[in-house]
$ cat data31.pdb   # PDB, C-alpha atoms and all ligand atoms
ATOM      1  CA  MET A   1      73.343 110.543 100.812  1.00  0.00           C
ATOM      2  CA  ARG A   2      76.130 108.196 101.850  1.00  0.00           C
ATOM      3  CA  ARG A   3      78.928 109.805 103.809  1.00  0.00           C
ATOM      4  CA  ARG A   4      82.290 109.175 102.155  1.00  0.00           C
ATOM      5  CA  LEU A   5      84.868 107.131 104.049  1.00  0.00           C
ATOM      6  CA  VAL A   6      88.590 107.018 103.414  1.00  0.00           C
ATOM      7  CA  ALA A   7      90.437 104.454 105.535  1.00  0.00           C
ATOM      8  CA  GLY A   8      94.175 103.894 105.708  1.00  0.00           C
ATOM      9  CA  ASN A   9      95.302 100.284 106.056  1.00  0.00           C
ATOM     10  CA  TRP A  10      98.862 100.529 107.348  1.00  0.00           C
ATOM     11  CA  LYS A  11      99.423  96.748 107.045  1.00  0.00           C
ATOM     12  CA  LEU A  12     102.683  95.611 108.696  1.00  0.00           C
ATOM     13  CA  HIS A  13     104.251  99.061 108.974  1.00  0.00           C
ATOM     14  CA  GLY A  14     104.839 101.445 111.846  1.00  0.00           C
ATOM     15  CA  SER A  15     106.708 102.288 115.028  1.00  0.00           C
ATOM     16  CA  LYS A  16     105.864 104.439 118.046  1.00  0.00           C
ATOM     17  CA  THR A  17     107.680 107.365 116.447  1.00  0.00           C
ATOM     18  CA  MET A  18     105.908 106.930 113.139  1.00  0.00           C
ATOM     19  CA  VAL A  19     102.470 106.686 114.825  1.00  0.00           C
ATOM     20  CA  ASN A  20     103.104 109.996 116.634  1.00  0.00           C
ATOM     21  CA  SER A  21     104.097 111.895 113.525  1.00  0.00           C
ATOM     22  CA  LEU A  22     101.710 110.343 111.001  1.00  0.00           C
ATOM     23  CA  VAL A  23      98.621 110.640 113.209  1.00  0.00           C
ATOM     24  CA  SER A  24      99.311 114.283 114.107  1.00  0.00           C
ATOM     25  CA  ASP A  25     100.056 115.197 110.510  1.00  0.00           C
ATOM     26  CA  VAL A  26      96.793 113.600 109.350  1.00  0.00           C
ATOM     27  CA  ILE A  27      94.717 115.319 112.054  1.00  0.00           C
ATOM     28  CA  ASN A  28      96.266 118.703 111.298  1.00  0.00           C
ATOM     29  CA  GLY A  29      95.933 118.443 107.527  1.00  0.00           C
ATOM     30  CA  LEU A  30      92.305 117.418 107.130  1.00  0.00           C
ATOM     31  CA  GLU A  31      89.788 119.678 105.453  1.00  0.00           C
ATOM     32  CA  ASN A  32      86.046 119.172 105.237  1.00  0.00           C
ATOM     33  CA  GLU A  33      85.823 116.598 108.023  1.00  0.00           C
ATOM     34  CA  ALA A  34      82.057 116.828 108.151  1.00  0.00           C
ATOM     35  CA  ARG A  35      81.617 115.554 104.603  1.00  0.00           C
ATOM     36  CA  THR A  36      84.217 112.818 104.579  1.00  0.00           C
ATOM     37  CA  GLU A  37      84.926 110.398 107.357  1.00  0.00           C
ATOM     38  CA  VAL A  38      88.563 109.398 107.763  1.00  0.00           C
ATOM     39  CA  ALA A  39      89.875 106.315 109.565  1.00  0.00           C
ATOM     40  CA  ILE A  40      93.287 104.804 110.167  1.00  0.00           C
ATOM     41  CA  CYS A  41      94.017 101.121 110.773  1.00  0.00           C
ATOM     42  CA  PRO A  42      97.440 100.703 112.392  1.00  0.00           C
ATOM     43  CA  PRO A  43      98.770  97.335 113.641  1.00  0.00           C
ATOM     44  CA  PHE A  44      97.112  96.066 116.849  1.00  0.00           C
ATOM     45  CA  VAL A  45      99.982  97.066 119.148  1.00  0.00           C
ATOM     46  CA  TYR A  46      99.684 100.746 118.154  1.00  0.00           C
ATOM     47  CA  LEU A  47      95.907 101.055 118.441  1.00  0.00           C
ATOM     48  CA  GLN A  48      95.954 102.413 121.956  1.00  0.00           C
ATOM     49  CA  GLN A  49      98.685 104.935 121.192  1.00  0.00           C
ATOM     50  CA  ALA A  50      96.790 106.069 118.098  1.00  0.00           C
ATOM     51  CA  ASP A  51      93.552 106.291 120.087  1.00  0.00           C
ATOM     52  CA  SER A  52      95.135 108.686 122.605  1.00  0.00           C
ATOM     53  CA  LEU A  53      96.441 110.881 119.795  1.00  0.00           C
ATOM     54  CA  LEU A  54      93.010 110.892 118.137  1.00  0.00           C
ATOM     55  CA  THR A  55      91.205 112.174 121.252  1.00  0.00           C
ATOM     56  CA  GLY A  56      89.151 115.204 120.264  1.00  0.00           C
ATOM     57  CA  SER A  57      89.588 114.599 116.528  1.00  0.00           C
ATOM     58  CA  ALA A  58      86.999 113.232 114.108  1.00  0.00           C
ATOM     59  CA  VAL A  59      89.409 110.624 112.713  1.00  0.00           C
ATOM     60  CA  ARG A  60      88.250 107.101 113.527  1.00  0.00           C
ATOM     61  CA  LEU A  61      90.298 104.090 114.495  1.00  0.00           C
ATOM     62  CA  GLY A  62      90.105 100.650 112.910  1.00  0.00           C
ATOM     63  CA  ALA A  63      91.858  97.306 113.287  1.00  0.00           C
ATOM     64  CA  GLN A  64      93.235  95.288 110.389  1.00  0.00           C
ATOM     65  CA  ASN A  65      91.807  92.008 111.612  1.00  0.00           C
ATOM     66  CA  VAL A  66      89.629  90.585 114.385  1.00  0.00           C
ATOM     67  CA  SER A  67      89.162  87.162 115.911  1.00  0.00           C
ATOM     68  CA  ALA A  68      86.146  85.084 114.938  1.00  0.00           C
ATOM     69  CA  GLU A  69      86.043  83.923 118.579  1.00  0.00           C
ATOM     70  CA  ILE A  70      84.537  85.807 121.503  1.00  0.00           C
ATOM     71  CA  GLU A  71      87.060  84.779 124.175  1.00  0.00           C
ATOM     72  CA  GLY A  72      88.880  81.741 125.470  1.00  0.00           C
ATOM     73  CA  ALA A  73      91.897  79.593 124.673  1.00  0.00           C
ATOM     74  CA  TYR A  74      92.849  81.140 121.331  1.00  0.00           C
ATOM     75  CA  THR A  75      96.509  82.104 121.651  1.00  0.00           C
ATOM     76  CA  GLY A  76      97.494  85.162 119.683  1.00  0.00           C
ATOM     77  CA  GLU A  77      93.964  86.288 118.851  1.00  0.00           C
ATOM     78  CA  VAL A  78      92.443  89.724 119.521  1.00  0.00           C
ATOM     79  CA  SER A  79      88.686  89.896 120.091  1.00  0.00           C
ATOM     80  CA  ALA A  80      86.132  92.397 118.862  1.00  0.00           C
ATOM     81  CA  ALA A  81      85.355  93.445 122.455  1.00  0.00           C
ATOM     82  CA  MET A  82      89.055  94.205 123.029  1.00  0.00           C
ATOM     83  CA  LEU A  83      89.147  96.332 119.883  1.00  0.00           C
ATOM     84  CA  LEU A  84      86.129  98.316 121.066  1.00  0.00           C
ATOM     85  CA  ASP A  85      87.748  98.636 124.482  1.00  0.00           C
ATOM     86  CA  VAL A  86      90.825 100.360 122.981  1.00  0.00           C
ATOM     87  CA  GLY A  87      88.762 102.754 120.882  1.00  0.00           C
ATOM     88  CA  CYS A  88      88.168 101.062 117.532  1.00  0.00           C
ATOM     89  CA  THR A  89      85.141 101.863 115.415  1.00  0.00           C
ATOM     90  CA  TYR A  90      86.064  99.640 112.469  1.00  0.00           C
ATOM     91  CA  ALA A  91      87.664  96.258 111.830  1.00  0.00           C
ATOM     92  CA  ILE A  92      88.826  95.102 108.416  1.00  0.00           C
ATOM     93  CA  VAL A  93      87.787  91.511 107.692  1.00  0.00           C
ATOM     94  CA  GLY A  94      88.693  89.243 104.808  1.00  0.00           C
ATOM     95  CA  HIS A  95      91.526  91.285 103.349  1.00  0.00           C
ATOM     96  CA  SER A  96      92.931  89.357 100.382  1.00  0.00           C
ATOM     97  CA  GLU A  97      96.317  89.133 102.104  1.00  0.00           C
ATOM     98  CA  ARG A  98      94.693  87.321 105.013  1.00  0.00           C
ATOM     99  CA  ARG A  99      92.668  85.107 102.694  1.00  0.00           C
ATOM    100  CA  ALA A 100      95.758  84.190 100.638  1.00  0.00           C
ATOM    101  CA  LEU A 101      98.547  84.110 103.241  1.00  0.00           C
ATOM    102  CA  TYR A 102      96.651  83.039 106.387  1.00  0.00           C
ATOM    103  CA  ALA A 103      94.124  80.685 104.822  1.00  0.00           C
ATOM    104  CA  GLU A 104      91.020  82.644 105.816  1.00  0.00           C
ATOM    105  CA  ASP A 105      88.133  81.149 103.863  1.00  0.00           C
ATOM    106  CA  ASP A 106      84.695  82.618 103.173  1.00  0.00           C
ATOM    107  CA  ASP A 107      83.235  80.832 106.186  1.00  0.00           C
ATOM    108  CA  MET A 108      85.793  82.319 108.583  1.00  0.00           C
ATOM    109  CA  VAL A 109      85.411  85.779 107.034  1.00  0.00           C
ATOM    110  CA  GLY A 110      81.636  85.541 107.488  1.00  0.00           C
ATOM    111  CA  ARG A 111      82.061  84.617 111.148  1.00  0.00           C
ATOM    112  CA  LYS A 112      84.528  87.471 111.729  1.00  0.00           C
ATOM    113  CA  PHE A 113      82.129  89.937 110.115  1.00  0.00           C
ATOM    114  CA  HIS A 114      79.227  88.758 112.249  1.00  0.00           C
ATOM    115  CA  VAL A 115      81.167  88.634 115.518  1.00  0.00           C
ATOM    116  CA  ALA A 116      82.629  92.124 114.937  1.00  0.00           C
ATOM    117  CA  GLN A 117      79.213  93.556 114.132  1.00  0.00           C
ATOM    118  CA  GLN A 118      77.520  91.888 117.095  1.00  0.00           C
ATOM    119  CA  ALA A 119      80.154  93.395 119.380  1.00  0.00           C
ATOM    120  CA  GLY A 120      79.444  96.894 118.082  1.00  0.00           C
ATOM    121  CA  LEU A 121      82.253  97.370 115.570  1.00  0.00           C
ATOM    122  CA  THR A 122      81.579  98.240 111.940  1.00  0.00           C
ATOM    123  CA  PRO A 123      83.265  95.580 109.824  1.00  0.00           C
ATOM    124  CA  ILE A 124      84.963  96.597 106.572  1.00  0.00           C
ATOM    125  CA  LEU A 125      84.598  93.516 104.372  1.00  0.00           C
ATOM    126  CA  CYS A 126      87.177  93.150 101.587  1.00  0.00           C
ATOM    127  CA  VAL A 127      86.228  91.333  98.397  1.00  0.00           C
ATOM    128  CA  GLY A 128      87.952  91.058  95.044  1.00  0.00           C
ATOM    129  CA  GLU A 129      89.229  88.817  92.282  1.00  0.00           C
ATOM    130  CA  THR A 130      92.660  87.708  91.064  1.00  0.00           C
ATOM    131  CA  LEU A 131      93.926  88.652  87.624  1.00  0.00           C
ATOM    132  CA  GLU A 132      93.259  85.113  86.352  1.00  0.00           C
ATOM    133  CA  GLU A 133      89.687  85.296  87.612  1.00  0.00           C
ATOM    134  CA  ARG A 134      89.171  88.666  85.910  1.00  0.00           C
ATOM    135  CA  ASN A 135      90.686  87.444  82.652  1.00  0.00           C
ATOM    136  CA  SER A 136      88.449  84.391  82.648  1.00  0.00           C
ATOM    137  CA  GLY A 137      85.328  86.519  83.208  1.00  0.00           C
ATOM    138  CA  ALA A 138      84.774  85.241  86.756  1.00  0.00           C
ATOM    139  CA  THR A 139      84.918  88.574  88.619  1.00  0.00           C
ATOM    140  CA  GLU A 140      81.197  88.776  89.397  1.00  0.00           C
ATOM    141  CA  ALA A 141      80.955  85.117  90.411  1.00  0.00           C
ATOM    142  CA  VAL A 142      83.923  85.445  92.782  1.00  0.00           C
ATOM    143  CA  VAL A 143      82.659  88.643  94.377  1.00  0.00           C
ATOM    144  CA  ALA A 144      79.128  87.234  94.650  1.00  0.00           C
ATOM    145  CA  SER A 145      80.309  84.142  96.487  1.00  0.00           C
ATOM    146  CA  GLN A 146      82.378  86.252  98.899  1.00  0.00           C
ATOM    147  CA  LEU A 147      79.318  88.424  99.614  1.00  0.00           C
ATOM    148  CA  LYS A 148      76.940  85.471  99.950  1.00  0.00           C
ATOM    149  CA  ALA A 149      79.133  83.910 102.637  1.00  0.00           C
ATOM    150  CA  VAL A 150      78.710  87.077 104.693  1.00  0.00           C
ATOM    151  CA  ILE A 151      74.974  87.236 103.989  1.00  0.00           C
ATOM    152  CA  ALA A 152      74.738  83.650 105.270  1.00  0.00           C
ATOM    153  CA  ALA A 153      76.526  84.623 108.488  1.00  0.00           C
ATOM    154  CA  ALA A 154      75.187  88.125 109.171  1.00  0.00           C
ATOM    155  CA  GLY A 155      72.114  88.517 106.948  1.00  0.00           C
ATOM    156  CA  ALA A 156      71.755  90.898 104.025  1.00  0.00           C
ATOM    157  CA  ASP A 157      70.808  93.827 106.270  1.00  0.00           C
ATOM    158  CA  GLY A 158      73.888  93.049 108.362  1.00  0.00           C
ATOM    159  CA  LEU A 159      76.066  93.157 105.266  1.00  0.00           C
ATOM    160  CA  ALA A 160      74.503  96.442 104.169  1.00  0.00           C
ATOM    161  CA  LYS A 161      75.148  98.001 107.588  1.00  0.00           C
ATOM    162  CA  GLY A 162      78.833  97.182 107.310  1.00  0.00           C
ATOM    163  CA  VAL A 163      81.281  98.699 104.860  1.00  0.00           C
ATOM    164  CA  ILE A 164      82.421  96.805 101.763  1.00  0.00           C
ATOM    165  CA  ALA A 165      85.787  97.378 100.109  1.00  0.00           C
ATOM    166  CA  TYR A 166      86.167  96.163  96.551  1.00  0.00           C
ATOM    167  CA  GLU A 167      89.870  95.442  96.206  1.00  0.00           C
ATOM    168  CA  PRO A 168      90.865  93.679  92.981  1.00  0.00           C
ATOM    169  CA  ILE A 169      93.900  91.628  93.991  1.00  0.00           C
ATOM    170  CA  TRP A 170      95.783  92.541  90.803  1.00  0.00           C
ATOM    171  CA  ALA A 171      95.568  96.213  91.786  1.00  0.00           C
ATOM    172  CA  ILE A 172      96.887  95.857  95.354  1.00  0.00           C
ATOM    173  CA  GLY A 173     100.403  97.190  95.801  1.00  0.00           C
ATOM    174  CA  THR A 174     101.055  96.886  92.073  1.00  0.00           C
ATOM    175  CA  GLY A 175     100.558 100.472  90.940  1.00  0.00           C
ATOM    176  CA  LYS A 176      97.916  99.117  88.509  1.00  0.00           C
ATOM    177  CA  THR A 177      94.653 100.759  89.532  1.00  0.00           C
ATOM    178  CA  ALA A 178      91.309  99.585  88.207  1.00  0.00           C
ATOM    179  CA  THR A 179      89.935 102.236  85.881  1.00  0.00           C
ATOM    180  CA  PRO A 180      87.043 104.203  87.368  1.00  0.00           C
ATOM    181  CA  GLN A 181      84.728 102.361  84.920  1.00  0.00           C
ATOM    182  CA  GLN A 182      86.050  98.913  85.870  1.00  0.00           C
ATOM    183  CA  ALA A 183      85.625  99.706  89.559  1.00  0.00           C
ATOM    184  CA  GLN A 184      82.180 101.287  89.084  1.00  0.00           C
ATOM    185  CA  GLU A 185      80.927  98.169  87.249  1.00  0.00           C
ATOM    186  CA  VAL A 186      81.806  95.933  90.190  1.00  0.00           C
ATOM    187  CA  HIS A 187      80.543  98.423  92.785  1.00  0.00           C
ATOM    188  CA  GLU A 188      77.218  98.609  90.963  1.00  0.00           C
ATOM    189  CA  PHE A 189      77.090  94.814  90.797  1.00  0.00           C
ATOM    190  CA  ILE A 190      77.698  94.626  94.571  1.00  0.00           C
ATOM    191  CA  ARG A 191      74.962  97.146  95.329  1.00  0.00           C
ATOM    192  CA  GLU A 192      72.499  95.330  93.058  1.00  0.00           C
ATOM    193  CA  LEU A 193      73.279  92.011  94.726  1.00  0.00           C
ATOM    194  CA  ILE A 194      72.572  93.537  98.142  1.00  0.00           C
ATOM    195  CA  ARG A 195      69.397  95.154  96.777  1.00  0.00           C
ATOM    196  CA  GLN A 196      68.046  91.717  95.867  1.00  0.00           C
ATOM    197  CA  HIS A 197      68.119  90.749  99.549  1.00  0.00           C
ATOM    198  CA  SER A 198      67.883  93.994 101.538  1.00  0.00           C
ATOM    199  CA  SER A 199      66.190  97.375 101.437  1.00  0.00           C
ATOM    200  CA  LEU A 200      69.354  98.978 102.851  1.00  0.00           C
ATOM    201  CA  ALA A 201      71.489  98.689  99.693  1.00  0.00           C
ATOM    202  CA  ASP A 202      71.516 102.426  99.064  1.00  0.00           C
ATOM    203  CA  GLN A 203      72.915 103.082 102.542  1.00  0.00           C
ATOM    204  CA  CYS A 204      75.826 100.673 102.185  1.00  0.00           C
ATOM    205  CA  ARG A 205      79.199 102.302 101.682  1.00  0.00           C
ATOM    206  CA  ILE A 206      81.306 100.554  99.069  1.00  0.00           C
ATOM    207  CA  LEU A 207      84.966 101.616  99.032  1.00  0.00           C
ATOM    208  CA  TYR A 208      87.502 100.982  96.318  1.00  0.00           C
ATOM    209  CA  GLY A 209      91.005  99.764  97.218  1.00  0.00           C
ATOM    210  CA  GLY A 210      94.024  98.948  95.099  1.00  0.00           C
ATOM    211  CA  SER A 211      96.785 101.451  94.278  1.00  0.00           C
ATOM    212  CA  VAL A 212      94.692 104.518  95.109  1.00  0.00           C
ATOM    213  CA  LYS A 213      97.097 107.459  94.847  1.00  0.00           C
ATOM    214  CA  PRO A 214      96.835 111.251  94.998  1.00  0.00           C
ATOM    215  CA  ASP A 215      96.650 111.422  91.194  1.00  0.00           C
ATOM    216  CA  ASN A 216      93.843 108.890  90.648  1.00  0.00           C
ATOM    217  CA  ALA A 217      91.670 109.306  93.764  1.00  0.00           C
ATOM    218  CA  ALA A 218      89.395 112.077  92.495  1.00  0.00           C
ATOM    219  CA  GLU A 219      88.351 110.250  89.303  1.00  0.00           C
ATOM    220  CA  LEU A 220      87.608 107.052  91.236  1.00  0.00           C
ATOM    221  CA  PHE A 221      85.591 108.894  93.904  1.00  0.00           C
ATOM    222  CA  ALA A 222      83.591 110.661  91.184  1.00  0.00           C
ATOM    223  CA  MET A 223      81.862 107.387  90.223  1.00  0.00           C
ATOM    224  CA  PRO A 224      78.288 107.043  91.538  1.00  0.00           C
ATOM    225  CA  ASP A 225      78.786 103.815  93.502  1.00  0.00           C
ATOM    226  CA  ILE A 226      82.288 104.503  94.837  1.00  0.00           C
ATOM    227  CA  ASP A 227      81.875 105.883  98.348  1.00  0.00           C
ATOM    228  CA  GLY A 228      85.519 106.310  99.293  1.00  0.00           C
ATOM    229  CA  GLY A 229      88.674 104.250  99.473  1.00  0.00           C
ATOM    230  CA  LEU A 230      90.711 101.736 101.433  1.00  0.00           C
ATOM    231  CA  ILE A 231      94.268 102.944 101.048  1.00  0.00           C
ATOM    232  CA  GLY A 232      97.419 100.877 101.566  1.00  0.00           C
ATOM    233  CA  GLY A 233     100.812 102.292 100.591  1.00  0.00           C
ATOM    234  CA  ALA A 234      99.641 105.875 100.167  1.00  0.00           C
ATOM    235  CA  SER A 235      98.231 105.947 103.719  1.00  0.00           C
ATOM    236  CA  LEU A 236     101.764 105.771 105.136  1.00  0.00           C
ATOM    237  CA  LYS A 237     102.666 109.227 103.838  1.00  0.00           C
ATOM    238  CA  ALA A 238     100.604 111.977 105.468  1.00  0.00           C
ATOM    239  CA  GLY A 239     100.866 114.218 102.405  1.00  0.00           C
ATOM    240  CA  ASP A 240      99.579 111.555 100.005  1.00  0.00           C
ATOM    241  CA  PHE A 241      96.869 110.323 102.371  1.00  0.00           C
ATOM    242  CA  LEU A 242      95.603 113.865 102.941  1.00  0.00           C
ATOM    243  CA  VAL A 243      95.340 114.567  99.217  1.00  0.00           C
ATOM    244  CA  ILE A 244      93.243 111.385  98.890  1.00  0.00           C
ATOM    245  CA  CYS A 245      91.046 112.256 101.913  1.00  0.00           C
ATOM    246  CA  ASN A 246      90.518 115.764 100.653  1.00  0.00           C
ATOM    247  CA  ALA A 247      89.675 114.430  97.164  1.00  0.00           C
ATOM    248  CA  ALA A 248      86.774 112.547  98.735  1.00  0.00           C
TER     249      ALA A 248
HETATM  250  P1  LIG B   1      97.641  99.607  98.091  1.00  0.00           P
HETATM  251  O1  LIG B   1      96.934 100.920  98.220  1.00  0.00           O
HETATM  252  O2  LIG B   1      99.050  99.641  98.632  1.00  0.00           O
HETATM  253  O3  LIG B   1      97.550  99.049  96.709  1.00  0.00           O
HETATM  254  O4  LIG B   1      96.882  98.571  99.051  1.00  0.00           O
HETATM  255  C1  LIG B   1      95.496  98.486  98.970  1.00  0.00           C
HETATM  256  C2  LIG B   1      95.015  97.642 100.087  1.00  0.00           C
HETATM  257  O5  LIG B   1      95.275  96.455 100.141  1.00  0.00           O
HETATM  258  C3  LIG B   1      94.238  98.309 101.146  1.00  0.00           C
HETATM  259  O6  LIG B   1      93.658  97.378 102.007  1.00  0.00           O
END
$ encode --input "data31.pdb" --output "structure tokens"
Amino acid sequence: MRRRLVAGNWKLHGSKTMVNSLVSDVINGLENEARTEVAICPPFVYLQQADSLLTGSAVRLGAQNVSAEIEGAYTGEVSAAMLLDVGCTYAIVGHSERRALYAEDDDMVGRKFHVAQQAGLTPILCVGETLEERNSGATEAVVASQLKAVIAAAGADGLAKGVIAYEPIWAIGTGKTATPQQAQEVHEFIRELIRQHSSLADQCRILYGGSVKPDNAAELFAMPDIDGGLIGGASLKAGDFLVICNAA
């Protein structure tokens, strides 16, 4: 049985005051922590503050990005070892915003995944198609090529030991959620693709992301291959995030 995971991706939001209140509200409001794992991914500069607040709680810490380099002359980068050092368990790699706005290609995403995993972090790999790609019937081909780049870098067992987040780009921040059936179809496709190369496919957690809200979380999480969610906007409000976590 795969343990559910709900992770909040705060993106470029937060302040010291907000970290204090949001993290304590989340810790205090969680039910059923044993069944569902919860993680928060604040901006880099707040990781250490969040880590101190999370001491003694079961909520995990994740970063929104990680360098593909180990160390050296890479101004502005943050390494996987540094993220572990400040208490991270997870690192998101290949979010569509980074692919689109910061020119991260499949090769770089594969390297980030591998480097994070080698360092001891669990990478959360984001994959997903644009609306044009969906409308032209290319969803599976796009997702397959994103997965194959990571298999090339980290191996199929490596991919299966990470977490995958299926985030259709047309559903991110738009209020347009994939229907549970649309999401399930892609999640099943992802698991089958892994199964062709690895015996660990049934262990791999595949999250759905894209306008997950308190009123649609339960029906998404009820699908057999949806193992939780990667939550953007709704993770910034403790009340909404807790409803989603508790739905899982
Ligand atoms: P929203 O939940 O705001 O649509 O964002 C989803 C996302 O991009 C999580 O990584």
$ closest_residue --input "data31.pdb" --among "A:Asn216, A:Ser52, A:Asn246, A:Thr177" --to "ligand LIG 1 (chain B)" --atoms "all atoms listed in the file"
A:Thr177
$ resolve_selection --input "data31.pdb" --expression "the PyMOL selection byres (((not hetatm)) within 9 of (chain B and resi 1))" --output "ChimeraX atom specification"
/A:7-11,64,92,95-97,126,165,167-177,208-213,229-235
$ closest_residue --input "data31.pdb" --among "A:Val19, A:Ala160, A:His187, A:Arg99" --to "Glu140 in chain A" --atoms "all atoms listed in the file"
A:His187
$ atom_distance --input "data31.pdb" --atom1 "CA of Pro224 in chain A" --atom2 "CA of Thr179 in chain A"
13.8 Å
$ residues_around --input "data31.pdb" --residues "Ala218 in chain A" --least-positions-apart "5" --cutoff "8 Å" --atoms "all atoms listed in the file" --output "number ranges by chain"
A: 244, 247-248
$ atom_distance --input "data31.pdb" --atom1 "CA of Ala91 in chain A" --atom2 "CA of Pro123 in chain A"
4.9 Å
$ residues_near_point --input "data31.pdb" --point "(67.2, 89.3, 99.5)" --cutoff "10 Å" --atoms "all atoms listed in the file" --output "count of residues only"
11
$ resolve_selection --input "data31.pdb" --expression "the PyMOL selection byres (((chain A and resi 113) around 8) and not hetatm)" --output "ChimeraX atom specification"
/A:68,93,109-112,114-117,123,125,150,153-154
$ resolve_selection --input "data31.pdb" --expression "the PyMOL selection byres (((chain A and resi 88) around 12) and not hetatm)" --output "MDAnalysis selection string"
chainID A and resid 39:44 46:52 54 59:66 79:87 89:92 116 119:123
$ residues_around --input "data31.pdb" --residues "Asp105 in chain A" --least-positions-apart "5" --cutoff "10 Å" --atoms "only C-alpha atoms" --output "list in words"
Gly94, Arg98, Arg99, Ala100, Gly110, Gln146 and Ala149 of chain A
$ atom_distance --input "data31.pdb" --atom1 "CA of Ala183 in chain A" --atom2 "CA of Val143 in chain A"
12.4 Å
$ closest_residue --input "data31.pdb" --among "A:Asp25, A:Glu71, A:Glu37, A:Asp225" --to "Phe189 in chain A" --atoms "only C-alpha atoms"
A:Asp225
$ closest_residue --input "data31.pdb" --among "A:Asp106, A:Glu185, A:Glu133, A:Glu192" --to "Met223 in chain A" --atoms "only C-alpha atoms"
A:Glu185
$ residues_around --input "data31.pdb" --residues "Arg3 in chain A" --least-positions-apart "5" --cutoff "9 Å" --atoms "only C-alpha atoms" --output "PyMOL selection string"
chain A and resi 34-37+205+227-228
